[in-house]
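Enquirer: Just one file: entry12.cif, with mmCIF, C-alpha atoms and all ligand atoms.
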```cif
data_structure
loop_
_atom_site.label_atom_id
_atom_site.label_comp_id
_atom_site.auth_asym_id
_atom_site.auth_seq_id
_atom_site.Cartn_x
_atom_site.Cartn_y
_atom_site.Cartn_z
CA MET A 75 24.17 68.60 109.20
CA SER A 76 21.42 70.08 107.10
CA PHE A 77 19.16 67.95 104.94
CA ARG A 78 20.74 69.51 101.85
CA GLN A 79 24.21 68.45 102.92
CA PHE A 80 22.95 64.98 103.73
CA ALA A 81 21.20 64.63 100.36
CA PHE A 82 24.27 65.91 98.55
CA GLY A 83 26.56 63.55 100.44
CA LEU A 84 24.32 60.58 99.75
CA THR A 85 24.08 61.34 96.04
CA ALA A 86 27.82 61.93 95.78
CA SER A 87 28.73 58.66 97.56
CA PHE A 88 26.60 56.53 95.27
CA GLY A 89 27.02 58.71 92.17
CA ILE A 90 30.81 58.73 92.15
CA ALA A 91 31.01 54.98 92.66
CA TRP A 92 28.47 54.41 89.89
CA LEU A 93 30.37 56.70 87.53
CA ALA A 94 33.70 55.06 88.25
CA ILE A 95 32.54 51.45 88.23
CA VAL A 96 29.78 51.44 85.64
CA ILE A 97 29.75 54.45 83.36
CA VAL A 98 33.45 55.09 82.77
CA PRO A 99 34.33 51.42 82.06
CA PHE A 100 31.28 51.12 79.80
CA PHE A 101 32.46 53.93 77.56
CA MET A 102 36.07 52.77 77.71
CA MET A 103 35.21 49.25 76.63
CA ARG A 104 32.32 49.86 74.26
CA HIS A 105 34.30 50.22 71.07
CA ILE A 106 37.60 48.52 71.48
CA LYS A 107 40.19 49.54 68.96
CA PRO A 108 42.69 46.98 67.71
CA VAL A 109 46.06 47.17 69.39
CA ALA A 110 49.23 47.20 67.29
CA PHE A 111 52.48 45.40 67.96
CA ASP A 112 55.52 47.59 68.35
CA GLU A 113 58.70 46.74 66.45
CA THR A 114 61.01 47.67 69.35
CA ALA A 115 59.05 46.23 72.26
CA ASP A 116 57.53 43.17 70.56
CA GLY A 117 60.01 42.42 67.83
CA LYS A 118 57.25 42.36 65.23
CA GLU A 119 54.80 44.65 63.52
CA GLY A 120 51.12 44.43 62.68
CA VAL A 121 47.86 44.37 64.55
CA TYR A 122 46.98 41.94 67.34
CA HIS A 123 44.24 39.58 66.10
CA PRO A 124 42.79 37.43 68.87
CA LYS A 125 41.52 34.14 67.42
CA ARG A 126 38.95 31.82 68.87
CA THR A 127 36.98 28.95 67.41
CA GLY A 128 34.22 26.64 68.60
CA ARG A 129 30.64 26.98 69.77
CA VAL A 130 31.56 29.82 72.09
CA ILE A 131 28.14 31.41 72.55
CA ASN A 132 26.11 28.21 73.16
CA GLY A 133 28.82 26.79 75.37
CA ALA A 134 29.09 29.97 77.42
CA GLU A 135 25.35 29.76 78.08
CA VAL A 136 25.62 26.20 79.38
CA TYR A 137 28.63 27.24 81.48
CA ALA A 138 26.62 30.08 83.02
CA ALA A 139 23.44 28.05 83.48
CA ASN A 140 25.29 25.36 85.43
CA GLY A 141 27.07 27.78 87.70
CA CYS A 142 30.61 26.76 86.80
CA TYR A 143 31.62 30.36 87.60
CA HIS A 144 30.79 29.75 91.27
CA CYS A 145 33.99 27.75 91.65
CA HIS A 146 36.05 28.55 88.56
CA SER A 147 37.51 31.91 87.61
CA GLN A 148 38.47 32.95 84.11
CA LEU A 149 40.74 35.79 85.04
CA ILE A 150 44.50 35.95 85.18
CA ARG A 151 44.91 39.10 87.21
CA PRO A 152 47.26 41.88 86.15
CA THR A 153 50.56 41.40 87.92
CA TYR A 154 50.13 44.44 90.16
CA ALA A 155 47.00 42.82 91.62
CA GLY A 156 48.22 39.28 92.26
CA ASN A 157 50.61 36.60 91.14
CA ASP A 158 48.39 34.45 88.94
CA LEU A 159 51.26 33.90 86.55
CA GLY A 160 52.88 31.84 89.27
CA ARG A 161 49.98 29.38 89.55
CA PRO A 162 50.71 26.10 87.80
CA ASP A 163 49.75 26.51 84.14
CA TRP A 164 46.77 28.77 84.81
CA ALA A 165 48.02 31.67 82.72
CA GLY A 166 49.41 29.52 79.91
CA LEU A 167 52.07 26.84 79.86
CA LYS A 168 55.35 27.51 81.59
CA ALA A 169 57.15 25.21 79.21
CA ASP A 170 55.25 24.74 75.97
CA GLU A 171 57.16 22.39 73.67
CA GLU A 172 57.00 24.73 70.68
CA ARG A 173 56.45 28.18 72.16
CA GLY A 174 58.30 28.14 75.45
CA ASP A 175 56.75 30.16 78.26
CA THR A 176 53.31 31.27 77.07
CA ARG A 177 51.96 32.68 80.33
CA ARG A 178 50.20 36.03 80.22
CA GLU A 179 47.56 38.11 81.99
CA SER A 180 43.94 38.22 80.79
CA ASN A 181 42.86 41.03 78.49
CA ILE A 182 39.62 42.46 77.25
CA PHE A 183 39.80 40.55 73.94
CA ASP A 184 39.80 37.23 75.80
CA TYR A 185 36.06 37.49 76.32
CA SER A 186 35.09 38.56 72.82
CA GLY A 187 32.16 36.63 71.42
CA GLU A 188 30.68 36.08 74.89
CA LYS A 189 27.74 37.98 76.26
CA PHE A 190 29.30 38.16 79.73
CA ALA A 191 32.91 38.02 80.80
CA GLN A 192 32.61 35.08 83.21
CA ILE A 193 35.45 36.09 85.45
CA GLY A 194 34.05 33.95 88.26
CA GLN A 195 33.10 34.31 91.91
CA SER A 196 35.49 32.10 93.82
CA ARG A 197 38.40 29.80 93.18
CA LEU A 198 37.41 26.52 94.71
CA GLY A 199 38.58 24.93 91.47
CA PRO A 200 41.40 26.02 89.17
CA ASP A 201 41.13 28.98 86.83
CA LEU A 202 39.81 27.88 83.43
CA SER A 203 41.29 30.66 81.22
CA ASN A 204 43.59 28.09 79.64
CA VAL A 205 41.85 24.82 80.42
CA GLY A 206 41.65 23.92 76.71
CA ARG A 207 45.41 24.18 76.45
CA ARG A 208 46.02 22.20 79.66
CA VAL A 209 43.74 19.35 78.64
CA GLU A 210 45.28 19.11 75.16
CA LYS A 211 48.90 19.41 76.19
CA LEU A 212 49.10 18.12 79.75
CA TYR A 213 46.21 15.85 80.70
CA VAL A 214 45.63 13.83 77.55
CA LYS A 215 48.31 11.26 77.14
CA ASP A 216 49.45 9.15 74.20
CA GLY A 217 47.30 10.73 71.50
CA GLY A 218 44.14 10.61 73.62
CA ASP A 219 41.13 12.76 72.76
CA PRO A 220 40.81 16.07 74.71
CA LYS A 221 37.07 16.11 74.07
CA ALA A 222 36.70 12.65 75.60
CA TRP A 223 38.78 13.75 78.63
CA LEU A 224 36.45 16.69 79.28
CA LEU A 225 33.26 14.71 78.68
CA SER A 226 34.39 12.10 81.12
CA HIS A 227 35.29 14.83 83.64
CA LEU A 228 31.81 16.36 83.31
CA TYR A 229 30.12 12.99 83.67
CA ASP A 230 32.15 11.81 86.63
CA PRO A 231 35.21 13.82 87.73
CA ARG A 232 36.15 11.13 90.24
CA ALA A 233 36.32 8.39 87.60
CA ASN A 234 39.73 9.79 86.62
CA PRO A 235 42.27 7.64 88.50
CA GLU A 236 44.40 10.77 89.08
CA ARG A 237 41.51 12.62 90.74
CA PRO A 238 39.69 10.17 93.01
CA THR A 239 38.68 12.93 95.44
CA SER A 240 37.84 15.69 92.93
CA LYS A 241 35.47 18.27 94.37
CA CYS A 242 34.08 19.16 90.94
CA PRO A 243 30.39 18.17 90.80
CA SER A 244 29.34 15.64 88.20
CA TYR A 245 26.94 16.90 85.57
CA ARG A 246 25.24 13.64 84.64
CA PHE A 247 22.03 15.32 83.62
CA LEU A 248 23.84 16.70 80.57
CA PHE A 249 24.11 13.11 79.29
CA ASP A 250 21.57 10.72 77.76
CA THR A 251 21.25 6.97 78.07
CA VAL A 252 20.71 5.09 74.84
CA GLU A 253 20.32 1.43 74.00
CA ILE A 254 23.26 -0.09 72.24
CA GLU A 255 22.33 -1.39 68.83
CA GLY A 256 25.31 -3.10 67.30
CA GLN A 257 28.42 -1.05 68.03
CA THR A 258 28.86 1.05 71.16
CA PRO A 259 28.61 4.76 70.19
CA ASN A 260 32.05 6.36 69.78
CA ASP A 261 31.42 9.14 72.25
CA ALA A 262 29.96 6.94 75.02
CA VAL A 263 31.43 7.93 78.41
CA ALA A 264 30.12 4.89 80.29
CA ILE A 265 28.02 1.76 80.02
CA THR A 266 25.25 1.32 82.57
CA LYS A 267 24.50 -1.86 84.51
CA ASP A 268 21.71 -2.65 82.08
CA GLY A 269 24.12 -2.50 79.19
CA GLU A 270 23.02 0.91 77.93
CA ALA A 271 25.46 3.54 76.68
CA VAL A 272 25.75 6.99 78.28
CA VAL A 273 26.29 9.58 75.55
CA PRO A 274 26.70 13.37 75.80
CA GLY A 275 23.66 15.51 75.09
CA ASN A 276 23.78 18.70 73.05
CA GLN A 277 24.51 20.88 76.04
CA ALA A 278 27.44 18.74 77.14
CA LEU A 279 28.89 18.90 73.63
CA ALA A 280 28.53 22.68 73.45
CA LEU A 281 30.08 23.09 76.89
CA VAL A 282 33.06 20.92 76.00
CA ASP A 283 33.55 22.87 72.78
CA TYR A 284 33.55 26.06 74.83
CA LEU A 285 36.04 24.67 77.35
CA LEU A 286 38.34 23.60 74.53
CA SER A 287 38.21 27.13 73.12
CA LEU A 288 39.69 28.46 76.36
CA LYS A 289 43.29 28.96 75.28
CA ARG A 290 44.14 32.48 76.29
CA ASP A 291 47.88 32.32 75.88
CA ASP A 292 48.57 33.91 72.51
CA THR A 293 51.28 36.56 72.40
CA VAL A 294 49.88 40.05 72.91
CA PRO A 295 51.49 43.46 72.37
CA ALA A 296 53.74 44.52 75.26
CA SER A 297 51.71 47.73 75.51
CA MET A 298 48.86 45.64 76.98
CA SER A 299 51.05 44.09 79.65
CA HIS A 300 51.14 44.96 83.32
CA LEU A 301 54.34 43.08 83.96
CA PRO A 302 57.23 45.01 85.45
CA PRO A 303 59.21 46.69 82.61
CA ALA A 304 62.13 44.31 83.03
CA GLN A 305 59.97 41.29 82.15
CA LYS A 306 58.08 42.92 79.31
CA GLY A 307 60.90 42.80 76.80
CA ALA A 308 60.57 39.19 75.78
CA PRO A 309 57.14 38.77 74.18
CA GLU A 310 57.11 34.97 74.36
CA LYS A 311 57.88 35.32 78.06
CA ALA A 312 54.45 36.02 79.45
CA ALA A 313 53.67 39.31 77.81
CA ALA A 314 50.25 40.27 78.99
CA PRO A 315 47.32 42.57 78.69
CA ALA A 316 44.38 43.74 80.68
CA ALA A 317 44.36 47.40 79.84
CA ALA A 318 41.15 48.33 78.15
CA PRO A 319 42.40 50.21 75.15
CA LYS A 320 40.56 53.50 75.10
CA GLY A 321 38.07 54.12 72.38
C1 LIG B 1 31.53 23.27 93.77
C2 LIG B 1 32.55 23.89 93.01
C3 LIG B 1 32.67 23.55 91.54
C4 LIG B 1 31.75 23.75 90.55
C5 LIG B 1 30.34 24.35 90.67
C6 LIG B 1 32.37 23.33 89.32
N1 LIG B 1 33.64 22.89 89.56
FE1 LIG B 1 34.96 22.21 88.19
N2 LIG B 1 36.33 21.84 89.63
C7 LIG B 1 36.14 22.10 90.98
C8 LIG B 1 37.33 21.68 91.70
C9 LIG B 1 37.54 21.81 93.20
C10 LIG B 1 38.23 21.19 90.74
C11 LIG B 1 39.64 20.61 91.02
C12 LIG B 1 39.56 19.13 91.25
C13 LIG B 1 39.70 18.39 89.96
O1 LIG B 1 40.72 18.51 89.32
O2 LIG B 1 38.78 17.68 89.58
C14 LIG B 1 37.57 21.30 89.45
C15 LIG B 1 38.14 20.92 88.25
C16 LIG B 1 37.58 21.16 87.01
C17 LIG B 1 38.24 20.92 85.75
C18 LIG B 1 39.65 20.43 85.57
C19 LIG B 1 40.53 21.65 85.49
C20 LIG B 1 41.99 21.37 85.58
O3 LIG B 1 42.74 22.05 84.88
O4 LIG B 1 42.39 20.49 86.34
C21 LIG B 1 37.36 21.28 84.76
C22 LIG B 1 37.58 21.21 83.26
C23 LIG B 1 36.15 21.70 85.41
N3 LIG B 1 36.32 21.62 86.78
C24 LIG B 1 35.03 22.12 84.75
C25 LIG B 1 33.86 22.55 85.37
C26 LIG B 1 32.68 22.95 84.64
C27 LIG B 1 32.54 22.98 83.13
C28 LIG B 1 31.74 23.27 85.57
C29 LIG B 1 30.30 23.68 85.33
C30 LIG B 1 29.51 22.76 84.51
C31 LIG B 1 32.36 23.11 86.88
N4 LIG B 1 33.64 22.66 86.72
C32 LIG B 1 31.75 23.39 88.08
C33 LIG B 1 35.03 22.65 91.56
C34 LIG B 1 33.86 23.00 90.91
#
```
Go ahead and render the structure in this file as structure tokens.
Expert:
Amino acid sequence: MSFRQFAFGLTASFGIAWLAIVIVPFFMMRHIKPVAFDETADGKEGVYHPKRTGRVINGAEVYAANGCYHCHSQLIRPTYAGNDLGRPDWAGLKADEERGDTRRESNIFDYSGEKFAQIGQSRLGPDLSNVGRRVEKLYVKDGGDPKAWLLSHLYDPRANPERPTSKCPSYRFLFDTVEIEGQTPNDAVAITKDGEAVVPGNQALALVDYLLSLKRDDTVPASMSHLPPAQKGAPEKAAAPAAAPKG
């Protein structure tokens, strides 16, 4: 092999990978055009408007800084790449009281408003794409407060009687200890031995707001779904996305 061939081969091996993995997706996802519903496939018309509220940016920073992505994914894979829709309530609720089956794959709009799409590195813990929904609808019982559930989980995951052996680390440093003057603060997650109240700091509050905003189960146009054609028909039945609409 001549040096020229070697140099060409080397450049081609790295260059093609770089083009396919970095450059092409960058241009495909830079300006995302809105996707429209289709009367026949979706049973309704109009443009898909993903909605999200809460302190998404600040919360995402705390999430990243504390390495939650090491153990938690935020990616419901397209159906051709894995059966994430089959995991218990990861992709949405299988039986939502009002909306029925809301499960769907992740799509590019799910990460809007965030600097990075924190799809995660491993799945030691459950996927968090819909953790806001799960906490509100499944974990909090009898009119309990979802925010309080999450704060308590962050402070001490094993304090939850249903999760005595949780492997989620506790993030106590996101909380402050304050003296109780008069009434115990409303958002106190614990009382210390010395009678002081443990209250969430700013970062904990932003993080919980972010986690509660994770409800990626709205109905999306069937054109964004990777489900087999037979399952696509019913939009409320796990229609999904993932295709980066070109633009
Ligand atoms: C070392 C791995 C690890 C890290 C890092 C980690 N977690 Fe977890 N997490 C887990 C495991 C395992 C579970 C499942 C056990 C349980 O339910 O507590 C879990 C459960 C959870 C749950 C409950 C989800 C559900 O639907 O049951 C939430 C919320 C959560 N983690 C949030 C976080 C946040 C926020 C961070 C970053 C501040 C984080 N975790 C970091 C391992 C981790």
Enquirer: Let me see if you get this right: every residue at most 9 Å from ligand LIG 1 (chain B), counting only C-alpha atoms and all ligand atoms, written as a tab-separated table (two decimals) with C-alpha atoms, in the coordinates of the input.
Expert:
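So out-v8.tsv came out as:
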```tsv
chain	number	residue	atom	x	y	z
A	136	VAL	CA	25.62	26.20	79.38
A	137	TYR	CA	28.63	27.24	81.48
A	138	ALA	CA	26.62	30.08	83.02
A	139	ALA	CA	23.44	28.05	83.48
A	140	ASN	CA	25.29	25.36	85.43
A	141	GLY	CA	27.07	27.78	87.70
A	142	CYS	CA	30.61	26.76	86.80
A	143	TYR	CA	31.62	30.36	87.60
A	144	HIS	CA	30.79	29.75	91.27
A	145	CYS	CA	33.99	27.75	91.65
A	146	HIS	CA	36.05	28.55	88.56
A	163	ASP	CA	49.75	26.51	84.14
A	164	TRP	CA	46.77	28.77	84.81
A	196	SER	CA	35.49	32.10	93.82
A	197	ARG	CA	38.40	29.80	93.18
A	198	LEU	CA	37.41	26.52	94.71
A	199	GLY	CA	38.58	24.93	91.47
A	200	PRO	CA	41.40	26.02	89.17
A	201	ASP	CA	41.13	28.98	86.83
A	202	LEU	CA	39.81	27.88	83.43
A	204	ASN	CA	43.59	28.09	79.64
A	205	VAL	CA	41.85	24.82	80.42
A	206	GLY	CA	41.65	23.92	76.71
A	208	ARG	CA	46.02	22.20	79.66
A	209	VAL	CA	43.74	19.35	78.64
A	213	TYR	CA	46.21	15.85	80.70
A	223	TRP	CA	38.78	13.75	78.63
A	224	LEU	CA	36.45	16.69	79.28
A	227	HIS	CA	35.29	14.83	83.64
A	228	LEU	CA	31.81	16.36	83.31
A	231	PRO	CA	35.21	13.82	87.73
A	232	ARG	CA	36.15	11.13	90.24
A	234	ASN	CA	39.73	9.79	86.62
A	236	GLU	CA	44.40	10.77	89.08
A	237	ARG	CA	41.51	12.62	90.74
A	238	PRO	CA	39.69	10.17	93.01
A	239	THR	CA	38.68	12.93	95.44
A	240	SER	CA	37.84	15.69	92.93
A	241	LYS	CA	35.47	18.27	94.37
A	242	CYS	CA	34.08	19.16	90.94
A	243	PRO	CA	30.39	18.17	90.80
A	244	SER	CA	29.34	15.64	88.20
A	245	TYR	CA	26.94	16.90	85.57
A	278	ALA	CA	27.44	18.74	77.14
A	281	LEU	CA	30.08	23.09	76.89
A	282	VAL	CA	33.06	20.92	76.00
A	284	TYR	CA	33.55	26.06	74.83
A	285	LEU	CA	36.04	24.67	77.35
```
Enquirer: Which value, in Å to one decimal, gives the distance between atom CA of A:Gly174 and atom CA of A:Thr293?
Expert: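 It comes out at 11.4 Å.
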Enquirer: Kindly indicate which residue among A:Ala191, A:Glu270, A:Val294, A:Ile265 lies nearest to A:Glu253, using all atoms listed in the file for the distances.
Expert: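 The answer is A:Glu270, which sits nearest to A:Glu253.
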Enquirer: For A:Lys211, work out the shell of residues within 9 Å, counting all atoms listed in the file and skipping chain neighbours fewer than 3 positions away, then give it as a list in words.
Expert: Leu167, Asp170, Gly206, Arg207, Arg208, Val214, Lys215 and Pro220 of chain A
Enquirer: Write to file, as a PDB file, in the coordinates of the input, the residues of the selection just made, with C-alpha atoms.
Expert:
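Below is the file again_16.pdb, written as the result:
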```pdb
ATOM      1  CA  LEU A 167      52.070  26.840  79.860  1.00  0.00           C
ATOM      2  CA  ASP A 170      55.250  24.740  75.970  1.00  0.00           C
ATOM      3  CA  GLY A 206      41.650  23.920  76.710  1.00  0.00           C
ATOM      4  CA  ARG A 207      45.410  24.180  76.450  1.00  0.00           C
ATOM      5  CA  ARG A 208      46.020  22.200  79.660  1.00  0.00           C
ATOM      6  CA  VAL A 214      45.630  13.830  77.550  1.00  0.00           C
ATOM      7  CA  LYS A 215      48.310  11.260  77.140  1.00  0.00           C
ATOM      8  CA  PRO A 220      40.810  16.070  74.710  1.00  0.00           C
TER       9      PRO A 220
END
```
Enquirer: Would you please work out which residue, of A:Arg177, A:Ile97, A:Arg126, A:Glu172, is nearest to A:Asp158 when using only C-alpha atoms?
Expert: A:Arg177
Enquirer: Between atom CA of A:Ile150 and atom CA of A:Arg173, what distance in Å does the model show, to one decimal?
Expert: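 Computing the Euclidean distance for atom CA of A:Ile150 and atom CA of A:Arg173 yields 19.3 Å.
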Enquirer: Skip stretch 109-114 of chain A itself and residues of its chain fewer than 2 positions away, then list as a list in words all residues within 8 Å of it, counting all atoms listed in the file.
Expert: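 Listed by chain and then number, they are Lys107, Asp116, Gly117, Lys118, Glu119, Gly120, Val121, Tyr122, Val294, Pro295, Ala296, Ser297 and Pro319 of chain A.
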Enquirer: List the spatial neighbours of A:Asp283 as a PyMOL selection string - criterion: any atom at most 8 Å away, all atoms listed in the file, same-chain residues fewer than 2 positions off excluded.
Expert: chain A and resi 128-130+133+221+279-281+285-287
Enquirer: Just to confirm, what's the straight-line distance from atom CA of A:Lys189 to atom CA of A:Gly166 in Å (one decimal)?
Expert: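 For atom CA of A:Lys189 relative to atom CA of A:Gly166, the distance reads 23.5 Å.
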Enquirer: Could you put an axis-aligned box around every listed atom of stretch 175-189 of chain A, padded by 6 Å on each side, and send me its centre and edge lengths in Å to one decimal, as lines of an AutoDock Vina configuration file?
Expert:
```
center_x = 42.2
center_y = 36.3
center_z = 76.7
size_x = 41.0
size_y = 24.3
size_z = 22.6
```
Enquirer: Just checking: using all atoms listed in the file, which residue out of A:Tyr185, A:Arg246, A:Met298, A:Asp216 ends up closest to A:Ile131?
Expert: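 Nearest candidate to A:Ile131 out of A:Tyr185, A:Arg246, A:Met298, A:Asp216: A:Tyr185.
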Enquirer: Which is closer to A:Leu301 than all the others in A:Asn157, A:Thr176, A:Gln195, A:Thr258, using all atoms listed in the file?
Expert: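 Going through A:Asn157, A:Thr176, A:Gln195, A:Thr258 one by one, the smallest distance to A:Leu301 is for A:Asn157.
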Enquirer: For A:Thr251, which of A:Lys267, A:His105, A:Arg151, A:Arg161 is the closest residue, counting only C-alpha atoms?
Expert: A:Lys267
Enquirer: Some atoms are absent from stretch 133-148 of chain A, so rebuild N, CA, C and O atoms and return them as a PDB file, in the coordinates of the input.
Expert:
```pdb
ATOM      1  N   GLY A 133      28.072  27.397  74.266  1.00  0.00           N
ATOM      2  CA  GLY A 133      28.820  26.790  75.370  1.00  0.00           C
ATOM      3  C   GLY A 133      28.856  27.722  76.573  1.00  0.00           C
ATOM      4  O   GLY A 133      28.712  27.274  77.714  1.00  0.00           O
ATOM      5  N   ALA A 134      29.036  29.008  76.319  1.00  0.00           N
ATOM      6  CA  ALA A 134      29.090  29.970  77.420  1.00  0.00           C
ATOM      7  C   ALA A 134      27.761  29.984  78.174  1.00  0.00           C
ATOM      8  O   ALA A 134      27.724  30.142  79.394  1.00  0.00           O
ATOM      9  N   GLU A 135      26.669  29.786  77.416  1.00  0.00           N
ATOM     10  CA  GLU A 135      25.350  29.760  78.080  1.00  0.00           C
ATOM     11  C   GLU A 135      25.222  28.551  79.007  1.00  0.00           C
ATOM     12  O   GLU A 135      24.704  28.654  80.111  1.00  0.00           O
ATOM     13  N   VAL A 136      25.688  27.417  78.545  1.00  0.00           N
ATOM     14  CA  VAL A 136      25.620  26.200  79.380  1.00  0.00           C
ATOM     15  C   VAL A 136      26.510  26.381  80.615  1.00  0.00           C
ATOM     16  O   VAL A 136      26.158  26.003  81.727  1.00  0.00           O
ATOM     17  N   TYR A 137      27.674  26.981  80.397  1.00  0.00           N
ATOM     18  CA  TYR A 137      28.630  27.240  81.480  1.00  0.00           C
ATOM     19  C   TYR A 137      27.964  28.118  82.548  1.00  0.00           C
ATOM     20  O   TYR A 137      28.052  27.843  83.747  1.00  0.00           O
ATOM     21  N   ALA A 138      27.271  29.160  82.082  1.00  0.00           N
ATOM     22  CA  ALA A 138      26.620  30.080  83.020  1.00  0.00           C
ATOM     23  C   ALA A 138      25.452  29.394  83.717  1.00  0.00           C
ATOM     24  O   ALA A 138      25.289  29.482  84.940  1.00  0.00           O
ATOM     25  N   ALA A 139      24.639  28.659  82.941  1.00  0.00           N
ATOM     26  CA  ALA A 139      23.440  28.050  83.480  1.00  0.00           C
ATOM     27  C   ALA A 139      23.765  27.024  84.571  1.00  0.00           C
ATOM     28  O   ALA A 139      22.988  26.804  85.494  1.00  0.00           O
ATOM     29  N   ASN A 140      24.933  26.396  84.466  1.00  0.00           N
ATOM     30  CA  ASN A 140      25.290  25.360  85.430  1.00  0.00           C
ATOM     31  C   ASN A 140      26.183  25.866  86.562  1.00  0.00           C
ATOM     32  O   ASN A 140      26.682  25.087  87.370  1.00  0.00           O
ATOM     33  N   GLY A 141      26.380  27.173  86.569  1.00  0.00           N
ATOM     34  CA  GLY A 141      27.070  27.780  87.700  1.00  0.00           C
ATOM     35  C   GLY A 141      28.538  27.410  87.837  1.00  0.00           C
ATOM     36  O   GLY A 141      29.086  27.426  88.942  1.00  0.00           O
ATOM     37  N   CYS A 142      29.174  27.100  86.728  1.00  0.00           N
ATOM     38  CA  CYS A 142      30.610  26.760  86.800  1.00  0.00           C
ATOM     39  C   CYS A 142      31.393  27.936  87.386  1.00  0.00           C
ATOM     40  O   CYS A 142      32.410  27.750  88.045  1.00  0.00           O
ATOM     41  N   TYR A 143      30.914  29.159  87.134  1.00  0.00           N
ATOM     42  CA  TYR A 143      31.620  30.360  87.600  1.00  0.00           C
ATOM     43  C   TYR A 143      31.617  30.481  89.125  1.00  0.00           C
ATOM     44  O   TYR A 143      32.364  31.276  89.676  1.00  0.00           O
ATOM     45  N   HIS A 144      30.772  29.694  89.804  1.00  0.00           N
ATOM     46  CA  HIS A 144      30.790  29.750  91.270  1.00  0.00           C
ATOM     47  C   HIS A 144      32.157  29.300  91.812  1.00  0.00           C
ATOM     48  O   HIS A 144      32.621  29.796  92.816  1.00  0.00           O
ATOM     49  N   CYS A 145      32.734  28.325  91.141  1.00  0.00           N
ATOM     50  CA  CYS A 145      33.990  27.750  91.650  1.00  0.00           C
ATOM     51  C   CYS A 145      35.181  27.979  90.737  1.00  0.00           C
ATOM     52  O   CYS A 145      36.305  27.690  91.125  1.00  0.00           O
ATOM     53  N   HIS A 146      34.926  28.392  89.504  1.00  0.00           N
ATOM     54  CA  HIS A 146      36.050  28.550  88.560  1.00  0.00           C
ATOM     55  C   HIS A 146      36.139  29.984  88.083  1.00  0.00           C
ATOM     56  O   HIS A 146      35.140  30.536  87.615  1.00  0.00           O
ATOM     57  N   SER A 147      37.321  30.578  88.173  1.00  0.00           N
ATOM     58  CA  SER A 147      37.510  31.910  87.610  1.00  0.00           C
ATOM     59  C   SER A 147      37.972  31.782  86.174  1.00  0.00           C
ATOM     60  O   SER A 147      38.373  30.702  85.731  1.00  0.00           O
ATOM     61  N   GLN A 148      37.873  32.858  85.449  1.00  0.00           N
ATOM     62  CA  GLN A 148      38.470  32.950  84.110  1.00  0.00           C
ATOM     63  C   GLN A 148      39.135  34.312  84.069  1.00  0.00           C
ATOM     64  O   GLN A 148      38.763  35.182  83.313  1.00  0.00           O
TER      65      GLN A 148
END
```
